[in-house]
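The structure appears right after this line, and notes come after that.
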Amino acid sequence: MSRISASVIIATHNRQQRLSQTLSSIAQQEFGTGEYEIIVVDDGSNPPVVIESGDETPSVMLVRVEGLERSAARNRGAAVARGELLIFIDDDISVEPDFVAAHVRAGDEWPGVLAVGAISLPDEAMATPFGRFRQKLERHEATLARGLTPGRNFCTAANMSIPRDAFLGLGGFDASITSGEDQDFALRHTAGGGRIAFLPEADAVHHDNSLDIRSYCRRAEWGSLNMIPFCLRYPDWPDNVERERVNGQVRLSAPISETATKIVKLTLTLRPISSCLFSVASLLERAAPNSRSLDRVYRLLLGIHIFRGYRKGLTLSASKNQRSAISDQPLTADH
């Protein structure tokens, strides 16, 4: 049996068509086909994922799990991987033929490194005002040069690689965190002296469904809600301090301007108001697609939904802690 240099791990849920496109691109690598494998972890898809079997290489292993969520699903893929290097990608991206080779070269160049590739939007998305706004918002890493980066939490599980032994040694992704799990992993990696490198040549094109401001706001709200466990674990992390300052509960000791801003945000989260803002965005997309006004409305809507999600997450976390405290109380019986 030939040596397996890399295992490409893809966790998926109810995205058969997108997954097929991802598999098509990752299977057409210039890297030796017998030197890497593909592992698909189907996390409770309905109907279950189907992968056409055959004698082709690289091999595709299908692992079925039920409702583990993406962190635990990725860990399950890593547990059965044979490759010396683990490459994690999402199930809705496409990559160039040198993608696997780029990650493998990074592992050779910086042994033990956590390598993070670039992510861009498809050309059809970039043809829209919102697509351009989103790309500018997300490509903050574009200012980085190729190579080692000082950012301790710089990571995206949609396009990253790390030696298998290093990943397992850290316990993989924390299954209790479903948003920000990649940042948590990066912080644990760097806390132990690990290094992170940015690989712009390992570019992945993201074909998700959040290609308009409405769907993107729903996604941002979900992410903000589910990031609370990460925020509570690292309350002193600068990004989380800022999240709490901007979106947290009103504090009596806070400046008046900060309190006023939160009150305004609470008002803007009302459905009729946010609906009006979406209508304004739609009008500006047609009348002034490159205007600063449209940019401001996009940012306002995004901020509203991040705020809403964060508040929901805090409420759910408090309720969960309260139930846990009650269940931990000793039982007494009256005689």
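Ordered as shown in the structure tokens, chains take letters A, B, and onward, while each chain numbers its residues from 1 and ligands are numbered from 1 in the order shown.
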Counting only C-alpha atoms, give me one row per residue of region 142-236 of chain A with an atom at most 8 Å from an atom of region 90-105 of chain A, showing the shortest contact pair and its distance in Å to one decimal, sorted by chain then residue number, as a Markdown table.
| residue | atom | partner | partner_atom | distance |
| --- | --- | --- | --- | --- |
| A:Ala157 | CA | A:Asp90 | CA | 7.5 |
| A:Ala158 | CA | A:Asp90 | CA | 4.7 |
| A:Asn159 | CA | A:Asp90 | CA | 7.2 |
| A:Ser161 | CA | A:His103 | CA | 6.5 |
| A:Leu199 | CA | A:Ala102 | CA | 7.8 |
| A:Glu201 | CA | A:Ala102 | CA | 6.9 |
| A:Ala202 | CA | A:Phe99 | CA | 5.2 |
| A:Asp203 | CA | A:Val95 | CA | 6.5 |
| A:Ala204 | CA | A:Val95 | CA | 4.9 |
| A:Val205 | CA | A:Ser94 | CA | 5.2 |
| A:His206 | CA | A:Ile93 | CA | 4.5 |
| A:His207 | CA | A:Asp92 | CA | 5.3 |
| A:Asp208 | CA | A:Asp92 | CA | 5.9 |
Name the residues in contact with Leu211 (chain A) at a cut-off of 9 Å, using only C-alpha atoms, excluding same-chain residues fewer than 5 positions from it; report them as a VMD selection string. chain A and resid 125 128 130 to 131 134 216
So which residues touch Gly83 (chain A) within 10 Å, counting only C-alpha atoms, skipping near sequence neighbours fewer than 5 positions away, as a PyMOL selection string? chain A and resi 3-8+35-38+78+163-164
Write out as a list of chain:residue names the set of residues from region 90-138 of chain A that DSSP, computed on the backbone, places in strand (DSSP E).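 The strand (DSSP E) residues within region 90-138 of chain A come out as A:Ile93, A:Ser94, A:Val95, A:Leu114, A:Ala115, A:Val116, A:Gly117, A:Ala118, A:Ile119, A:Ser120.
CA of Phe198 (chain A) to CA of Pro150 (chain A) spans 10.2 Å [interatomic distance, one decimal].
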Residues near Ile196 (chain A), anyone? I mean within 12 Å using only C-alpha atoms, not counting same-chain ones fewer than 4 positions away, as a PyMOL selection string. chain A and resi 106-107+110-117+146-156+160-162+183+185-192
Written file, previous selection with N, CA and C atoms, as a tab-separated table (two decimals), in the first residue's frame:
chain	number	residue	atom	x	y	z
A	106	ALA	N	3.48	23.38	2.58
A	106	ALA	CA	3.54	24.22	3.79
A	106	ALA	C	3.96	23.39	4.99
A	107	GLY	N	3.44	22.16	5.08
A	107	GLY	CA	3.84	21.29	6.17
A	107	GLY	C	5.31	20.94	6.13
A	110	TRP	N	7.25	24.44	7.09
A	110	TRP	CA	7.17	24.78	8.51
A	110	TRP	C	6.63	23.57	9.28
A	111	PRO	N	7.45	22.66	9.67
A	111	PRO	CA	6.98	21.44	10.35
A	111	PRO	C	6.09	21.76	11.55
A	112	GLY	N	4.97	21.06	11.63
A	112	GLY	CA	4.05	21.24	12.74
A	112	GLY	C	3.12	22.42	12.63
A	113	VAL	N	3.19	23.15	11.51
A	113	VAL	CA	2.42	24.39	11.39
A	113	VAL	C	0.93	24.12	11.17
A	114	LEU	N	0.10	25.04	11.64
A	114	LEU	CA	-1.31	25.11	11.29
A	114	LEU	C	-1.39	26.04	10.09
A	115	ALA	N	-1.66	25.49	8.92
A	115	ALA	CA	-1.68	26.28	7.68
A	115	ALA	C	-3.11	26.65	7.33
A	116	VAL	N	-3.33	27.91	7.03
A	116	VAL	CA	-4.67	28.43	6.73
A	116	VAL	C	-4.67	29.01	5.33
A	117	GLY	N	-5.53	28.48	4.46
A	117	GLY	CA	-5.61	28.97	3.10
A	117	GLY	C	-6.57	30.14	2.96
A	146	ARG	N	2.28	36.01	2.56
A	146	ARG	CA	2.41	34.57	2.72
A	146	ARG	C	3.45	34.26	3.80
A	147	GLY	N	3.13	33.30	4.64
A	147	GLY	CA	4.10	32.88	5.65
A	147	GLY	C	3.54	32.92	7.05
A	148	LEU	N	4.42	32.81	8.02
A	148	LEU	CA	4.02	32.76	9.41
A	148	LEU	C	3.36	34.07	9.83
A	149	THR	N	2.31	33.95	10.62
A	149	THR	CA	1.57	35.12	11.07
A	149	THR	C	1.51	35.15	12.58
A	150	PRO	N	1.55	36.34	13.18
A	150	PRO	CA	1.51	36.43	14.65
A	150	PRO	C	0.11	36.24	15.22
A	151	GLY	N	-0.92	36.25	14.38
A	151	GLY	CA	-2.29	36.12	14.86
A	151	GLY	C	-2.52	34.79	15.57
A	152	ARG	N	-2.79	34.81	16.85
A	152	ARG	CA	-2.92	33.57	17.63
A	152	ARG	C	-4.21	32.82	17.34
A	153	ASN	N	-5.23	33.51	16.87
A	153	ASN	CA	-6.51	32.85	16.58
A	153	ASN	C	-6.83	32.83	15.09
A	154	PHE	N	-5.85	33.09	14.25
A	154	PHE	CA	-6.07	33.16	12.80
A	154	PHE	C	-6.30	31.75	12.25
A	155	CYS	N	-7.53	31.46	11.91
A	155	CYS	CA	-7.86	30.11	11.45
A	155	CYS	C	-9.26	30.06	10.88
A	156	THR	N	-9.46	29.23	9.87
A	156	THR	CA	-10.79	28.87	9.41
A	156	THR	C	-10.80	27.39	9.09
A	160	MET	N	-7.97	24.57	6.11
A	160	MET	CA	-6.82	24.53	7.00
A	160	MET	C	-6.18	23.15	6.98
A	161	SER	N	-4.93	23.09	7.41
A	161	SER	CA	-4.26	21.80	7.52
A	161	SER	C	-3.34	21.81	8.72
A	162	ILE	N	-3.08	20.61	9.26
A	162	ILE	CA	-2.21	20.46	10.41
A	162	ILE	C	-1.80	18.99	10.47
A	183	GLN	N	-11.23	29.10	15.87
A	183	GLN	CA	-10.43	30.05	16.64
A	183	GLN	C	-9.99	29.43	17.97
A	185	PHE	N	-9.45	26.28	18.49
A	185	PHE	CA	-8.39	25.33	18.18
A	185	PHE	C	-7.06	26.06	17.97
A	186	ALA	N	-7.11	27.17	17.23
A	186	ALA	CA	-5.89	27.94	16.96
A	186	ALA	C	-5.29	28.49	18.25
A	187	LEU	N	-6.12	28.96	19.17
A	187	LEU	CA	-5.62	29.49	20.43
A	187	LEU	C	-4.96	28.40	21.27
A	188	ARG	N	-5.53	27.21	21.26
A	188	ARG	CA	-4.90	26.11	21.99
A	188	ARG	C	-3.59	25.69	21.33
A	189	HIS	N	-3.58	25.74	20.00
A	189	HIS	CA	-2.37	25.39	19.24
A	189	HIS	C	-1.23	26.36	19.55
A	190	THR	N	-1.52	27.66	19.49
A	190	THR	CA	-0.47	28.65	19.73
A	190	THR	C	-0.09	28.74	21.20
A	191	ALA	N	-1.02	28.43	22.09
A	191	ALA	CA	-0.70	28.45	23.53
A	191	ALA	C	0.39	27.44	23.86
A	192	GLY	N	0.47	26.37	23.08
A	192	GLY	CA	1.49	25.35	23.29
A	192	GLY	C	2.74	25.59	22.46
In region 46-257 of chain A, DSSP helix (DSSP H, G or I) residues written as a ChimeraX atom specification: /A:69-80,99-109,123-126,129-143,164-169,181-191,213-226,228-233,238-247,256-257
Store the residues picked out above in a file with C-alpha atoms, as a JSON list (two decimals), in the first residue's frame.
[["chain", "number", "residue", "atom", "x", "y", "z"],
["A", 69, "GLU", "CA", -22.53, 18.93, 14.69],
["A", 70, "ARG", "CA", -19.55, 19.97, 12.62],
["A", 71, "SER", "CA", -16.80, 20.03, 15.28],
["A", 72, "ALA", "CA", -17.41, 16.45, 16.41],
["A", 73, "ALA", "CA", -18.01, 15.32, 12.82],
["A", 74, "ARG", "CA", -14.61, 16.65, 11.76],
["A", 75, "ASN", "CA", -13.03, 14.90, 14.75],
["A", 76, "ARG", "CA", -14.60, 11.61, 13.66],
["A", 77, "GLY", "CA", -13.03, 12.04, 10.24],
["A", 78, "ALA", "CA", -9.63, 12.72, 11.80],
["A", 79, "ALA", "CA", -9.95, 9.59, 13.95],
["A", 80, "VAL", "CA", -10.11, 7.31, 10.89],
["A", 99, "PHE", "CA", -4.56, 22.80, -3.58],
["A", 100, "VAL", "CA", -3.47, 19.62, -1.76],
["A", 101, "ALA", "CA", 0.13, 20.07, -2.89],
["A", 102, "ALA", "CA", 0.16, 23.63, -1.50],
["A", 103, "HIS", "CA", -0.87, 22.42, 1.95],
["A", 104, "VAL", "CA", 1.63, 19.56, 1.87],
["A", 105, "ARG", "CA", 4.44, 21.94, 0.87],
["A", 106, "ALA", "CA", 3.54, 24.22, 3.79],
["A", 107, "GLY", "CA", 3.84, 21.29, 6.17],
["A", 108, "ASP", "CA", 7.30, 20.57, 4.79],
["A", 109, "GLU", "CA", 8.33, 24.23, 4.91],
["A", 123, "ASP", "CA", -17.25, 35.34, -9.89],
["A", 124, "GLU", "CA", -21.05, 35.46, -10.08],
["A", 125, "ALA", "CA", -21.21, 36.68, -6.48],
["A", 126, "MET", "CA", -18.58, 39.32, -7.13],
["A", 129, "PRO", "CA", -23.09, 44.83, -4.85],
["A", 130, "PHE", "CA", -23.52, 42.55, -1.85],
["A", 131, "GLY", "CA", -20.95, 40.04, -3.10],
["A", 132, "ARG", "CA", -18.34, 42.78, -3.35],
["A", 133, "PHE", "CA", -19.25, 44.04, 0.11],
["A", 134, "ARG", "CA", -19.01, 40.55, 1.61],
["A", 135, "GLN", "CA", -15.68, 39.79, -0.05],
["A", 136, "LYS", "CA", -14.21, 43.03, 1.28],
["A", 137, "LEU", "CA", -15.58, 42.28, 4.74],
["A", 138, "GLU", "CA", -14.27, 38.72, 4.90],
["A", 139, "ARG", "CA", -10.94, 39.03, 3.12],
["A", 140, "HIS", "CA", -9.25, 40.80, 6.03],
["A", 141, "GLU", "CA", -6.41, 38.33, 5.58],
["A", 142, "ALA", "CA", -5.71, 39.77, 2.13],
["A", 143, "THR", "CA", -3.35, 42.27, 3.76],
["A", 164, "ARG", "CA", -2.46, 14.47, 12.30],
["A", 165, "ASP", "CA", -0.39, 13.88, 15.44],
["A", 166, "ALA", "CA", -0.58, 17.56, 16.39],
["A", 167, "PHE", "CA", -4.35, 17.65, 15.82],
["A", 168, "LEU", "CA", -5.01, 14.56, 17.91],
["A", 169, "GLY", "CA", -2.56, 15.74, 20.58],
["A", 181, "GLU", "CA", -14.39, 26.33, 17.09],
["A", 182, "ASP", "CA", -11.56, 26.99, 14.66],
["A", 183, "GLN", "CA", -10.43, 30.05, 16.64],
["A", 184, "ASP", "CA", -10.53, 28.00, 19.83],
["A", 185, "PHE", "CA", -8.39, 25.33, 18.18],
["A", 186, "ALA", "CA", -5.89, 27.94, 16.96],
["A", 187, "LEU", "CA", -5.62, 29.49, 20.43],
["A", 188, "ARG", "CA", -4.90, 26.11, 21.99],
["A", 189, "HIS", "CA", -2.37, 25.39, 19.24],
["A", 190, "THR", "CA", -0.47, 28.65, 19.73],
["A", 191, "ALA", "CA", -0.70, 28.45, 23.53],
["A", 213, "ILE", "CA", -27.89, 40.58, 2.62],
["A", 214, "ARG", "CA", -30.93, 38.79, 4.08],
["A", 215, "SER", "CA", -29.44, 35.30, 4.04],
["A", 216, "TYR", "CA", -26.06, 36.62, 5.19],
["A", 217, "CYS", "CA", -27.68, 38.35, 8.17],
["A", 218, "ARG", "CA", -29.42, 35.08, 9.15],
["A", 219, "ARG", "CA", -26.06, 33.32, 8.98],
["A", 220, "ALA", "CA", -24.37, 36.06, 11.04],
["A", 221, "GLU", "CA", -27.11, 35.89, 13.67],
["A", 222, "TRP", "CA", -26.69, 32.11, 13.96],
["A", 223, "GLY", "CA", -22.93, 32.48, 14.24],
["A", 224, "SER", "CA", -23.19, 35.15, 16.92],
["A", 225, "LEU", "CA", -25.68, 33.10, 18.93],
["A", 226, "ASN", "CA", -23.53, 29.98, 18.84],
["A", 228, "ILE", "CA", -21.25, 32.48, 23.19],
["A", 229, "PRO", "CA", -19.46, 29.33, 24.48],
["A", 230, "PHE", "CA", -16.27, 30.56, 22.79],
["A", 231, "CYS", "CA", -16.73, 34.05, 24.24],
["A", 232, "LEU", "CA", -17.30, 32.68, 27.75],
["A", 233, "ARG", "CA", -14.22, 30.49, 27.52],
["A", 238, "PRO", "CA", -9.61, 41.27, 22.84],
["A", 239, "ASP", "CA", -12.16, 40.30, 20.19],
["A", 240, "ASN", "CA", -14.50, 38.94, 22.85],
["A", 241, "VAL", "CA", -14.06, 41.99, 25.07],
["A", 242, "GLU", "CA", -15.17, 44.08, 22.09],
["A", 243, "ARG", "CA", -18.10, 41.75, 21.34],
["A", 244, "GLU", "CA", -19.32, 42.11, 24.91],
["A", 245, "ARG", "CA", -18.85, 45.86, 24.89],
["A", 246, "VAL", "CA", -20.80, 46.29, 21.66],
["A", 247, "ASN", "CA", -23.47, 43.61, 22.07],
["A", 256, "ILE", "CA", -23.78, 57.01, 28.35],
["A", 257, "SER", "CA", -22.98, 56.82, 24.62]]
